[in-house]
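File shown: coords-v1.txt. Contents: compact mmCIF, C-alpha atoms.
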```
# COMPACT_ATOMS: atom_id res chain seq x y z
CA ASN M 22 -94.11 199.04 -72.08
CA GLY M 23 -92.89 195.93 -73.84
CA LEU M 24 -95.34 193.66 -75.61
CA THR M 25 -97.52 193.54 -72.51
CA SER M 26 -97.13 195.10 -69.10
CA LEU M 27 -98.64 195.01 -65.64
CA VAL M 28 -98.80 198.33 -63.78
CA THR M 29 -100.68 198.45 -60.51
CA ASP M 30 -100.91 199.85 -57.01
CA PHE M 31 -100.38 197.62 -53.97
CA GLN M 32 -103.95 196.29 -53.77
CA ASN M 33 -104.00 192.64 -54.85
CA ALA M 34 -100.65 193.26 -56.58
CA PHE M 35 -99.08 189.86 -55.88
CA ASN M 36 -102.17 187.98 -57.10
CA ASP M 37 -102.24 190.11 -60.26
CA LEU M 38 -98.56 189.31 -60.86
CA LYS M 39 -99.12 185.57 -60.26
CA GLU M 40 -101.77 185.62 -62.98
CA TYR M 41 -99.63 187.72 -65.37
CA GLN M 42 -96.47 185.64 -64.89
CA GLY M 43 -98.40 182.36 -65.08
CA GLN M 44 -100.17 183.29 -68.33
CA LEU M 45 -97.01 184.45 -70.11
CA GLU M 46 -94.41 181.92 -68.92
CA ASP M 47 -91.87 184.21 -70.59
CA TRP M 48 -89.11 186.60 -69.58
CA ILE M 49 -90.62 189.46 -67.61
CA PHE M 50 -88.69 192.37 -66.12
CA GLY M 51 -89.77 194.88 -63.53
CA TYR M 52 -89.88 195.87 -59.90
CA PHE M 53 -91.58 195.51 -56.54
CA SER M 54 -91.81 198.77 -54.57
CA TYR M 55 -91.37 198.69 -50.79
CA ASP M 56 -95.01 199.73 -50.36
CA LEU M 57 -96.23 196.30 -51.48
CA LYS M 58 -95.84 195.62 -47.73
CA ASN M 59 -99.43 196.97 -47.66
CA ASP M 60 -100.57 194.06 -49.85
CA VAL M 61 -98.77 191.49 -47.68
CA GLU M 62 -99.76 192.91 -44.27
CA GLN M 63 -102.34 195.31 -42.80
CA LEU M 64 -100.08 198.35 -43.21
CA THR M 65 -100.29 201.78 -44.85
CA SER M 66 -97.96 204.29 -46.57
CA GLU M 67 -99.00 207.87 -45.88
CA ASN M 68 -95.69 209.72 -46.03
CA TYR M 69 -94.77 212.33 -48.66
CA ASP M 70 -94.08 211.01 -52.18
CA GLY M 71 -92.28 213.30 -54.63
CA LEU M 72 -91.57 210.58 -57.25
CA HIS M 73 -94.96 208.89 -57.94
CA PHE M 74 -93.68 205.54 -59.23
CA PRO M 75 -96.39 202.84 -59.53
CA ASP M 76 -96.23 200.28 -56.68
CA LEU M 77 -95.58 197.39 -59.07
CA TYR M 78 -94.44 197.35 -62.68
CA PHE M 79 -93.54 194.38 -64.93
CA PHE M 80 -93.23 194.08 -68.70
CA GLN M 81 -92.63 191.42 -71.33
CA PRO M 82 -89.72 192.60 -73.51
CA LYS M 83 -89.52 192.26 -77.28
CA LYS M 84 -85.74 191.95 -77.23
CA ILE M 85 -83.22 190.82 -74.60
CA ILE M 86 -79.47 191.28 -74.88
CA ARG M 87 -77.58 188.98 -72.51
CA ILE M 88 -73.93 189.52 -71.67
CA ALA M 89 -72.22 186.68 -69.79
CA GLY M 90 -68.45 186.84 -69.56
CA ASN M 91 -67.26 187.70 -73.07
CA THR M 92 -70.33 186.36 -74.85
CA VAL M 93 -73.37 188.31 -76.00
CA ASP M 94 -76.58 186.69 -77.15
CA PHE M 95 -79.88 188.11 -78.34
CA VAL M 96 -83.30 186.71 -77.44
CA TYR M 97 -86.25 187.83 -79.55
CA LEU M 98 -89.95 187.13 -79.19
CA ASN M 99 -91.22 185.06 -82.13
CA MET M 100 -93.44 187.84 -83.46
CA VAL M 101 -90.52 190.28 -83.74
CA ASP M 102 -87.74 187.98 -84.91
CA ASP M 103 -88.22 189.22 -88.46
CA GLU M 104 -86.43 192.35 -87.21
CA ILE M 105 -83.20 190.36 -86.81
CA GLU M 106 -80.73 191.34 -89.48
CA GLY M 107 -77.93 188.82 -90.05
CA ASP M 108 -76.22 186.61 -87.50
CA PHE M 109 -74.49 187.87 -84.38
CA GLU M 110 -71.03 186.53 -83.67
CA GLU M 111 -69.43 186.18 -80.26
CA ILE M 112 -68.19 189.54 -79.05
CA THR M 113 -64.92 189.54 -77.12
CA GLU M 114 -63.04 192.10 -75.03
CA ILE M 115 -66.05 193.67 -73.38
CA GLY M 116 -64.03 194.36 -70.26
CA PRO M 117 -64.90 193.62 -66.64
CA LEU M 118 -68.60 193.81 -65.84
CA GLY M 119 -68.21 193.70 -62.05
CA MET M 120 -71.22 191.40 -61.75
CA ASP M 121 -69.78 188.55 -59.69
CA GLN M 122 -68.48 190.19 -56.54
CA VAL M 123 -71.16 188.76 -54.25
CA GLY M 124 -71.84 185.05 -54.64
CA GLN M 125 -72.91 184.63 -58.23
CA GLY M 126 -73.92 188.09 -59.42
CA TYR M 127 -76.23 188.75 -62.32
CA ASP M 128 -75.19 188.16 -65.84
CA GLN M 129 -75.66 191.57 -67.41
CA ILE M 130 -79.07 191.68 -69.06
CA GLN M 131 -80.75 194.49 -70.96
CA ALA M 132 -84.40 194.25 -71.91
CA SER M 133 -86.09 196.49 -74.43
CA ASP M 134 -89.52 196.94 -75.91
CA GLY M 135 -87.98 198.37 -79.07
CA ALA M 136 -89.89 201.64 -78.72
CA GLN M 137 -88.27 203.65 -75.96
CA THR M 138 -85.83 206.48 -76.47
CA LEU M 139 -83.83 208.10 -73.71
CA VAL M 140 -84.31 211.78 -73.07
CA GLY M 141 -82.79 214.48 -70.94
CA ASN M 142 -79.27 215.27 -72.08
CA SER M 143 -78.88 218.46 -70.12
CA THR M 144 -78.09 218.67 -66.44
CA SER M 145 -78.78 221.57 -64.12
CA ASN M 146 -75.39 222.97 -63.12
CA ASP M 147 -76.45 223.89 -59.64
CA ILE M 148 -78.24 220.99 -57.97
CA ARG M 149 -79.25 221.89 -54.45
CA ILE M 150 -79.69 218.70 -52.46
CA LYS M 151 -81.87 219.02 -49.39
CA LEU M 152 -82.51 216.62 -46.53
CA ARG M 153 -86.14 215.86 -45.84
CA THR M 154 -85.23 215.08 -42.20
CA SER M 155 -83.17 217.73 -40.39
CA LYS M 156 -80.21 216.60 -38.30
CA ASP M 157 -82.04 217.42 -35.04
CA ASP M 158 -85.12 215.56 -36.25
CA TYR M 159 -82.96 212.59 -37.21
CA PHE M 160 -81.58 212.36 -33.68
CA SER M 161 -85.00 212.69 -32.03
CA ARG M 162 -86.41 209.95 -34.31
CA ILE M 163 -83.51 207.63 -33.50
CA LYS M 164 -84.25 208.27 -29.80
CA ALA M 165 -87.90 207.35 -30.42
CA LEU M 166 -86.80 204.12 -32.14
CA LEU M 167 -84.43 203.32 -29.27
CA ALA M 168 -87.32 203.82 -26.82
CA HIS M 169 -89.33 201.21 -28.78
CA ILE M 170 -86.33 198.86 -28.63
CA HIS M 171 -85.84 199.36 -24.88
CA ARG M 172 -89.56 198.71 -24.34
CA GLY M 173 -89.23 195.45 -26.24
CA ASP M 174 -91.53 196.41 -29.16
CA ILE M 175 -88.73 195.61 -31.66
CA TYR M 176 -85.08 194.49 -31.63
CA GLU M 177 -83.96 196.24 -34.78
CA ALA M 178 -85.35 198.75 -37.27
CA ASN M 179 -83.98 200.01 -40.56
CA PHE M 180 -84.54 203.76 -40.45
CA CYS M 181 -84.13 205.72 -43.72
CA GLN M 182 -83.98 209.36 -44.74
CA GLU M 183 -84.44 211.07 -48.11
CA PHE M 184 -82.09 213.48 -49.90
CA TYR M 185 -83.84 215.30 -52.75
CA ALA M 186 -83.65 218.16 -55.24
CA GLU M 187 -86.53 219.97 -56.94
CA ASN M 188 -86.70 221.79 -60.32
CA THR M 189 -83.76 219.71 -61.48
CA THR M 190 -82.91 218.20 -64.86
CA ILE M 191 -80.31 215.44 -65.00
CA ASP M 192 -78.62 213.45 -67.74
CA VAL M 193 -79.76 210.00 -66.67
CA LEU M 194 -77.27 207.88 -68.63
CA LYS M 195 -74.35 210.04 -67.55
CA ALA M 196 -75.52 209.83 -63.93
CA PHE M 197 -75.85 206.03 -64.13
CA ASP M 198 -72.39 205.69 -65.70
CA LYS M 199 -70.83 207.93 -63.08
CA LEU M 200 -72.56 206.17 -60.19
CA ASN M 201 -71.35 202.77 -61.36
CA ALA M 202 -67.84 204.01 -62.05
CA ILE M 203 -67.70 205.13 -58.40
CA SER M 204 -69.39 202.09 -56.84
CA LYS M 205 -68.70 199.15 -59.24
CA ALA M 206 -71.74 197.40 -57.82
CA PRO M 207 -72.62 193.74 -58.59
CA PHE M 208 -76.41 194.32 -58.71
CA ALA M 209 -76.59 197.54 -60.66
CA ALA M 210 -79.72 198.34 -62.67
CA PHE M 211 -80.92 201.09 -65.02
CA LEU M 212 -84.67 201.35 -65.54
CA LYS M 213 -86.78 203.75 -67.59
CA ILE M 214 -90.57 203.80 -67.44
CA ARG M 215 -91.72 206.72 -69.59
CA ASP M 216 -90.71 209.78 -67.54
CA LYS M 217 -89.46 207.84 -64.51
CA PHE M 218 -85.91 206.58 -64.04
CA LEU M 219 -83.98 204.38 -61.65
CA MET M 220 -80.16 204.52 -61.61
CA SER M 221 -79.09 201.84 -59.14
CA ALA M 222 -75.62 200.84 -57.96
CA SER M 223 -76.90 198.21 -55.55
CA PRO M 224 -74.41 195.94 -53.76
CA GLU M 225 -77.16 193.65 -52.44
CA ARG M 226 -79.09 190.67 -53.73
CA TYR M 227 -82.59 190.30 -52.29
CA LEU M 228 -83.55 186.91 -53.67
CA ARG M 229 -82.66 184.56 -56.47
CA LYS M 230 -84.22 181.23 -57.45
CA LYS M 231 -82.34 178.87 -59.72
CA SER M 232 -82.66 175.08 -60.17
CA GLY M 233 -84.93 174.70 -57.16
CA ILE M 234 -82.70 176.67 -54.76
CA ALA M 235 -83.63 180.09 -53.35
CA ILE M 236 -80.74 182.27 -52.21
CA SER M 237 -80.84 185.55 -50.26
CA GLN M 238 -77.78 187.66 -49.39
CA PRO M 239 -78.65 190.29 -46.78
CA ILE M 240 -76.19 193.09 -46.05
CA LYS M 241 -75.97 194.55 -42.56
CA GLY M 242 -72.81 196.19 -41.27
CA THR M 243 -70.81 198.93 -42.98
CA ALA M 244 -67.32 200.40 -42.63
CA LYS M 245 -65.57 203.03 -44.75
CA ARG M 246 -62.58 202.29 -47.03
CA SER M 247 -59.16 203.88 -46.82
CA PRO M 248 -56.67 204.45 -49.67
CA ASP M 249 -53.92 203.37 -47.24
CA LEU M 250 -53.66 199.56 -47.46
CA GLU M 251 -52.75 199.03 -43.81
CA THR M 252 -55.58 201.27 -42.54
CA ASP M 253 -58.01 199.63 -44.97
CA ALA M 254 -57.06 196.15 -43.74
CA ALA M 255 -57.59 197.31 -40.13
CA LEU M 256 -61.03 198.77 -41.00
CA LYS M 257 -61.96 195.46 -42.63
CA PHE M 258 -60.72 193.42 -39.65
CA ASN M 259 -62.55 195.65 -37.16
CA LEU M 260 -65.82 195.32 -39.12
CA GLN M 261 -65.49 191.52 -39.11
CA LYS M 262 -65.09 191.53 -35.30
CA ASP M 263 -67.53 194.37 -34.44
CA ALA M 264 -70.10 192.92 -32.02
CA LYS M 265 -72.78 195.54 -32.85
CA GLU M 266 -72.45 195.13 -36.63
CA ARG M 267 -72.45 191.31 -36.35
CA SER M 268 -75.56 191.33 -34.12
CA GLU M 269 -77.36 193.56 -36.68
CA ASN M 270 -76.52 191.05 -39.39
CA ILE M 271 -77.39 187.94 -37.38
CA MET M 272 -80.82 189.32 -36.38
CA ILE M 273 -81.63 189.83 -40.07
CA VAL M 274 -80.26 186.39 -41.00
CA ASP M 275 -82.71 184.88 -38.47
CA LEU M 276 -85.53 186.88 -40.05
CA VAL M 277 -84.54 185.79 -43.60
CA ARG M 278 -84.31 182.14 -42.47
CA ASN M 279 -87.79 182.43 -41.00
CA ASP M 280 -89.17 184.09 -44.18
CA LEU M 281 -87.59 181.48 -46.48
CA SER M 282 -88.83 178.59 -44.32
CA LYS M 283 -92.42 179.50 -45.39
CA SER M 284 -91.56 178.42 -48.95
CA ALA M 285 -88.81 175.88 -48.27
CA VAL M 286 -88.73 172.12 -48.25
CA LYS M 287 -88.79 171.30 -44.50
CA GLY M 288 -85.32 171.36 -42.93
CA SER M 289 -83.59 172.68 -46.06
CA VAL M 290 -82.77 176.27 -44.93
CA ARG M 291 -78.98 176.75 -44.63
CA VAL M 292 -76.58 179.62 -43.87
CA PRO M 293 -73.42 178.81 -45.88
CA GLU M 294 -71.94 182.27 -45.25
CA LEU M 295 -72.39 184.25 -42.01
CA CYS M 296 -71.07 187.82 -41.54
CA GLU M 297 -68.37 187.69 -44.22
CA VAL M 298 -66.73 190.98 -45.20
CA HIS M 299 -67.04 191.93 -48.90
CA SER M 300 -65.19 195.03 -50.08
CA PHE M 301 -66.66 197.52 -52.54
CA ALA M 302 -65.14 200.69 -53.99
CA GLN M 303 -66.72 202.93 -51.32
CA VAL M 304 -67.31 200.67 -48.32
CA HIS M 305 -66.68 197.30 -46.65
CA GLN M 306 -69.91 195.39 -45.93
CA LEU M 307 -70.88 192.39 -43.80
CA ILE M 308 -72.84 189.97 -45.98
CA SER M 309 -74.50 186.66 -45.13
CA THR M 310 -75.91 184.04 -47.51
CA VAL M 311 -79.08 182.07 -46.73
CA THR M 312 -80.25 179.25 -49.01
CA ALA M 313 -83.32 177.01 -49.14
CA GLU M 314 -84.63 174.24 -51.35
CA VAL M 315 -88.08 175.09 -52.75
CA PRO M 316 -90.65 172.55 -54.02
CA LYS M 317 -90.90 172.21 -57.82
CA ASP M 318 -94.60 173.12 -57.80
CA LYS M 319 -94.13 176.27 -55.69
CA ASN M 320 -95.36 179.42 -57.45
CA PRO M 321 -92.31 181.70 -57.96
CA VAL M 322 -94.26 184.89 -57.19
CA GLU M 323 -95.38 183.33 -53.88
CA ILE M 324 -91.76 182.86 -52.78
CA ILE M 325 -91.28 186.62 -53.14
CA GLU M 326 -94.61 187.42 -51.51
CA GLU M 327 -93.69 185.30 -48.47
CA THR M 328 -90.33 187.05 -47.98
CA PHE M 329 -91.23 190.64 -48.98
CA PRO M 330 -90.11 193.27 -48.11
CA MET M 331 -86.55 192.04 -47.53
CA GLY M 332 -85.46 191.76 -43.91
CA SER M 333 -82.39 193.95 -44.33
CA MET M 334 -84.62 196.98 -45.07
CA THR M 335 -87.25 196.36 -42.40
CA GLY M 336 -86.22 195.05 -38.99
CA ALA M 337 -87.23 192.49 -36.39
CA PRO M 338 -89.92 191.52 -35.62
CA LYS M 339 -90.74 192.48 -39.17
CA ILE M 340 -94.36 193.71 -39.03
CA SER M 341 -93.85 195.80 -35.86
CA ALA M 342 -90.65 197.25 -37.34
CA MET M 343 -92.42 198.23 -40.59
CA ARG M 344 -95.22 199.92 -38.66
CA ILE M 345 -92.81 201.84 -36.40
CA ILE M 346 -90.44 203.01 -39.17
CA GLU M 347 -93.42 204.20 -41.23
CA ALA M 348 -94.36 206.45 -38.28
CA GLN M 349 -90.81 207.81 -37.91
CA GLU M 350 -89.78 208.30 -41.56
CA ASP M 351 -90.61 211.48 -43.50
CA PHE M 352 -91.01 210.08 -47.03
CA LYS M 353 -92.77 207.27 -48.90
CA ARG M 354 -90.03 204.79 -49.82
CA GLY M 355 -91.65 203.67 -53.06
CA LEU M 356 -89.09 201.94 -55.27
CA TYR M 357 -86.28 202.69 -52.80
CA SER M 358 -85.76 199.53 -50.70
CA GLY M 359 -87.92 197.60 -53.14
CA ALA M 360 -86.44 195.18 -55.68
CA VAL M 361 -85.63 195.25 -59.42
CA GLY M 362 -85.05 192.15 -61.51
CA TYR M 363 -86.60 189.52 -63.74
CA PHE M 364 -88.39 186.18 -64.05
CA THR M 365 -87.22 183.63 -66.63
CA PRO M 366 -89.61 181.59 -68.82
CA ASP M 367 -89.20 178.56 -66.49
CA GLY M 368 -90.04 180.50 -63.32
CA ASP M 369 -86.55 181.23 -61.99
CA PHE M 370 -85.82 184.81 -60.92
CA ASP M 371 -83.20 187.23 -59.58
CA PHE M 372 -83.87 190.52 -57.75
CA ASN M 373 -81.65 193.12 -56.12
CA VAL M 374 -82.34 195.44 -53.19
CA VAL M 375 -82.86 199.01 -54.43
CA ILE M 376 -80.26 200.85 -52.32
CA ARG M 377 -77.39 203.20 -53.33
CA SER M 378 -79.75 204.39 -56.05
CA ILE M 379 -80.91 207.64 -57.65
CA LEU M 380 -84.60 207.97 -58.58
CA TYR M 381 -85.83 210.63 -60.96
CA ASN M 382 -89.19 211.88 -62.21
CA ALA M 383 -88.32 213.88 -65.34
CA SER M 384 -91.78 215.46 -65.77
CA GLU M 385 -91.81 216.77 -62.21
CA LYS M 386 -88.05 217.48 -62.28
CA TYR M 387 -87.73 215.75 -58.92
CA VAL M 388 -84.62 213.73 -58.06
CA SER M 389 -84.25 211.67 -54.92
CA PHE M 390 -81.98 209.23 -53.17
CA ALA M 391 -82.38 207.71 -49.74
CA VAL M 392 -80.09 206.00 -47.26
CA GLY M 393 -80.67 204.14 -44.05
CA GLY M 394 -79.16 202.03 -41.33
CA ALA M 395 -80.09 199.42 -38.78
CA ILE M 396 -80.94 200.77 -35.35
CA THR M 397 -80.37 198.34 -32.45
CA ALA M 398 -80.06 198.72 -28.68
CA LYS M 399 -76.32 199.38 -29.15
CA SER M 400 -76.78 202.15 -31.73
CA VAL M 401 -75.06 205.49 -31.14
CA PRO M 402 -77.14 208.17 -32.97
CA LYS M 403 -74.06 210.21 -34.04
CA LYS M 404 -72.40 207.12 -35.58
CA GLU M 405 -75.63 206.13 -37.34
CA TYR M 406 -75.83 209.62 -38.84
CA GLU M 407 -72.22 209.40 -40.04
CA GLU M 408 -72.93 206.00 -41.63
CA CYS M 409 -75.87 207.53 -43.53
CA LEU M 410 -73.65 210.31 -44.89
CA LEU M 411 -71.05 207.71 -45.93
CA LYS M 412 -73.70 205.72 -47.84
CA ALA M 413 -75.02 208.94 -49.44
CA LYS M 414 -71.56 210.02 -50.65
CA ALA M 415 -71.56 208.37 -54.10
CA MET M 416 -75.06 209.58 -55.05
CA ARG M 417 -74.30 213.06 -53.82
CA GLU M 418 -71.03 213.20 -55.78
CA VAL M 419 -72.79 212.11 -58.98
CA LEU M 420 -75.50 214.77 -58.67
CA GLU M 421 -73.43 217.67 -57.39
CA GLU M 422 -70.48 217.35 -59.81
```

Rewrite the structure of this file - the entire thing - as structure tokens.
Amino acid sequence: NGLTSLVTDFQNAFNDLKEYQGQLEDWIFGYFSYDLKNDVEQLTSENYDGLHFPDLYFFQPKKIIRIAGNTVDFVYLNMVDDEIEGDFEEITEIGPLGMDQVGQGYDQIQASDGAQTLVGNSTSNDIRIKLRTSKDDYFSRIKALLAHIHRGDIYEANFCQEFYAENTTIDVLKAFDKLNAISKAPFAAFLKIRDKFLMSASPERYLRKKSGIAISQPIKGTAKRSPDLETDAALKFNLQKDAKERSENIMIVDLVRNDLSKSAVKGSVRVPELCEVHSFAQVHQLISTVTAEVPKDKNPVEIIEETFPMGSMTGAPKISAMRIIEAQEDFKRGLYSGAVGYFTPDGDFDFNVVIRSILYNASEKYVSFAVGGAITAKSVPKKEYEECLLKAKAMREVLEE
């Protein structure tokens, strides 16, 4: 729990966090769950929840270990610095951290309250992963979304489905290691809150603020990788030129520009990178970068509130899309498609998008991962389904091995 923590449901969550962050003016780490949409807009979350994570959780750590390049430094709160034993020298030869593949990735940061121990060293040999949405159901729901699109209710919706296993014990650290060995993701995160765990191999940055500049890097557009160099280059080239994938991305870029303009200095929103292909171990992705200058006196929590949830996981127009996907999906997203990250003492922050992630409730022995894709007028249901299975591959491998 750190020195102090804020744990709350969606009601008044952003105001509570503003107060908490403003009082501390310190490092705080935590997450925003997707269901904070209900604090921002008149929306509800009534789908099945097997994980029971709080809607919002932040804590003030006692110790922070920062790894940047080959240097490690330790940050202690004043009241616990008597625990420091001796001086720490620069540590070299840590090896590649894989944190800078997209723009400027996170430095690797670990935060601890000094009291938590990790549990669960045994793994069920036979994990039976089930789909909450059957294949037939998936297709009928995509058809329902396409009907909304053809009627003009929405242009794009990010539709997600849950894969889950019950009565399952997993070795969380082993799973996290394995997931990151497969994916080598720039925005990876491991989080433990008592009996609840997040193992994230996220490739996507939601939002960062540094030196008065906010930066968002939405991902929309996916293609598989091939071990054959020529085939892989062709897959990459085809993704770059694919009209459907580019239109998905550009719609979300427009949404992100609009969201950021609420906080930005007038006329300062820019798109320095549009639909660029970035290659990861499992997939090629189309990524865009949107930046904005924010006023010095702008509350950092407000910048997040005005852009949350991230456009890449909702759709356009955003509120209609959130309402429609809630009606079509079978599970409460919770922390999936939320954001994990931190605020610095001077009000800067960096948050990922919680995708390509395994979530686990150890007490209830419930493990879950979810995947989704953008549905537009040009979507072919069979191809969308295949893309979901491609995105699920790494998590499935980790759990079923």

Could the residues of range 392-417 of chain M that have an atom at most 12 Å from range 292-302 of chain M be listed as CSV, each with its closest atom pair and the distance in Å to one decimal, counting all atoms listed in the file and ordered by chain and ascending residue number?
```
residue,atom,partner,partner_atom,distance
M:Lys412,CA,M:Ala302,CA,11.7
M:Lys414,CA,M:Ala302,CA,11.8
M:Ala415,CA,M:Ala302,CA,10.0
```

Task: Computed interatomic separation between CA of Phe53 in chain M and CA of Leu228 in chain M (Å) - done: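 Separating CA of Phe53 in chain M from CA of Leu228 in chain M is a distance of 12.1 Å.
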
Task: Closest of M:Asp174, M:Asp147, M:Glu251, M:Glu350 to Arg162 in chain M - atom-to-atom distances counting only C-alpha atoms - done: M:Glu350

Task: Atomic distance CA of Trp48 in chain M - CA of Tyr97 in chain M, expressed in Å with one decimal - done: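 Atom-to-atom, CA of Trp48 in chain M to CA of Tyr97 in chain M, that is 10.4 Å.
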
- [ ] Please write as number ranges by chain the list of polymer residues whose atoms come within 8 Å of (-91.1, 211.0, -56.3), counting all atoms listed in the file and keeping to the coordinates of the file.
- [x] M: 70-74, 380-382, 387-389

- [ ] Would you mind telling me which residue in M:Thr335, M:Glu385, M:Ala254, M:Arg278 lies nearest to Asn188 in chain M when using all atoms listed in the file?
- [x] M:Glu385

Completed range 322-338 of chain M (N, CA, C and O atoms) as a CSV table (one decimal), in the coordinates of the input:
```
chain,number,residue,atom,x,y,z
M,322,VAL,N,-93.8,183.6,-57.7
M,322,VAL,CA,-94.3,184.9,-57.2
M,322,VAL,C,-94.6,184.8,-55.7
M,322,VAL,O,-94.3,185.7,-54.9
M,323,GLU,N,-95.1,183.6,-55.3
M,323,GLU,CA,-95.4,183.3,-53.9
M,323,GLU,C,-94.1,183.4,-53.0
M,323,GLU,O,-94.2,183.8,-51.9
M,324,ILE,N,-93.0,182.9,-53.6
M,324,ILE,CA,-91.8,182.9,-52.8
M,324,ILE,C,-91.4,184.3,-52.4
M,324,ILE,O,-91.0,184.6,-51.3
M,325,ILE,N,-91.6,185.2,-53.4
M,325,ILE,CA,-91.3,186.6,-53.1
M,325,ILE,C,-92.3,187.2,-52.2
M,325,ILE,O,-91.9,187.9,-51.2
M,326,GLU,N,-93.6,186.9,-52.4
M,326,GLU,CA,-94.6,187.4,-51.5
M,326,GLU,C,-94.4,187.0,-50.0
M,326,GLU,O,-94.6,187.8,-49.1
M,327,GLU,N,-93.9,185.8,-49.8
M,327,GLU,CA,-93.7,185.3,-48.5
M,327,GLU,C,-92.4,185.9,-47.8
M,327,GLU,O,-92.3,185.7,-46.6
M,328,THR,N,-91.6,186.5,-48.6
M,328,THR,CA,-90.3,187.0,-48.0
M,328,THR,C,-90.2,188.6,-48.1
M,328,THR,O,-89.3,189.2,-47.7
M,329,PHE,N,-91.3,189.2,-48.7
M,329,PHE,CA,-91.2,190.6,-49.0
M,329,PHE,C,-91.9,191.5,-47.9
M,329,PHE,O,-92.9,191.1,-47.3
M,330,PRO,N,-91.4,192.7,-47.6
M,330,PRO,CA,-90.1,193.3,-48.1
M,330,PRO,C,-88.9,192.6,-47.4
M,330,PRO,O,-89.1,191.9,-46.4
M,331,MET,N,-87.7,192.7,-48.0
M,331,MET,CA,-86.6,192.0,-47.5
M,331,MET,C,-86.2,192.5,-46.1
M,331,MET,O,-86.4,193.6,-45.7
M,332,GLY,N,-85.8,191.5,-45.3
M,332,GLY,CA,-85.5,191.8,-43.9
M,332,GLY,C,-84.5,192.9,-43.7
M,332,GLY,O,-84.6,193.6,-42.7
M,333,SER,N,-83.5,193.0,-44.5
M,333,SER,CA,-82.4,194.0,-44.3
M,333,SER,C,-82.9,195.4,-44.4
M,333,SER,O,-82.3,196.3,-43.8
M,334,MET,N,-84.1,195.6,-45.0
M,334,MET,CA,-84.6,197.0,-45.1
M,334,MET,C,-85.8,197.2,-44.1
M,334,MET,O,-86.4,198.2,-44.2
M,335,THR,N,-86.1,196.2,-43.3
M,335,THR,CA,-87.2,196.4,-42.4
M,335,THR,C,-86.8,196.3,-41.0
M,335,THR,O,-86.5,197.4,-40.4
M,336,GLY,N,-86.6,195.2,-40.4
M,336,GLY,CA,-86.2,195.0,-39.0
M,336,GLY,C,-86.9,193.8,-38.4
M,336,GLY,O,-87.5,193.0,-39.1
M,337,ALA,N,-86.7,193.7,-37.1
M,337,ALA,CA,-87.2,192.5,-36.4
M,337,ALA,C,-87.9,192.9,-35.1
M,337,ALA,O,-87.3,193.7,-34.3
M,338,PRO,N,-89.0,192.3,-34.7
M,338,PRO,CA,-89.9,191.5,-35.6
M,338,PRO,C,-90.4,192.4,-36.8
M,338,PRO,O,-90.6,193.6,-36.6
```
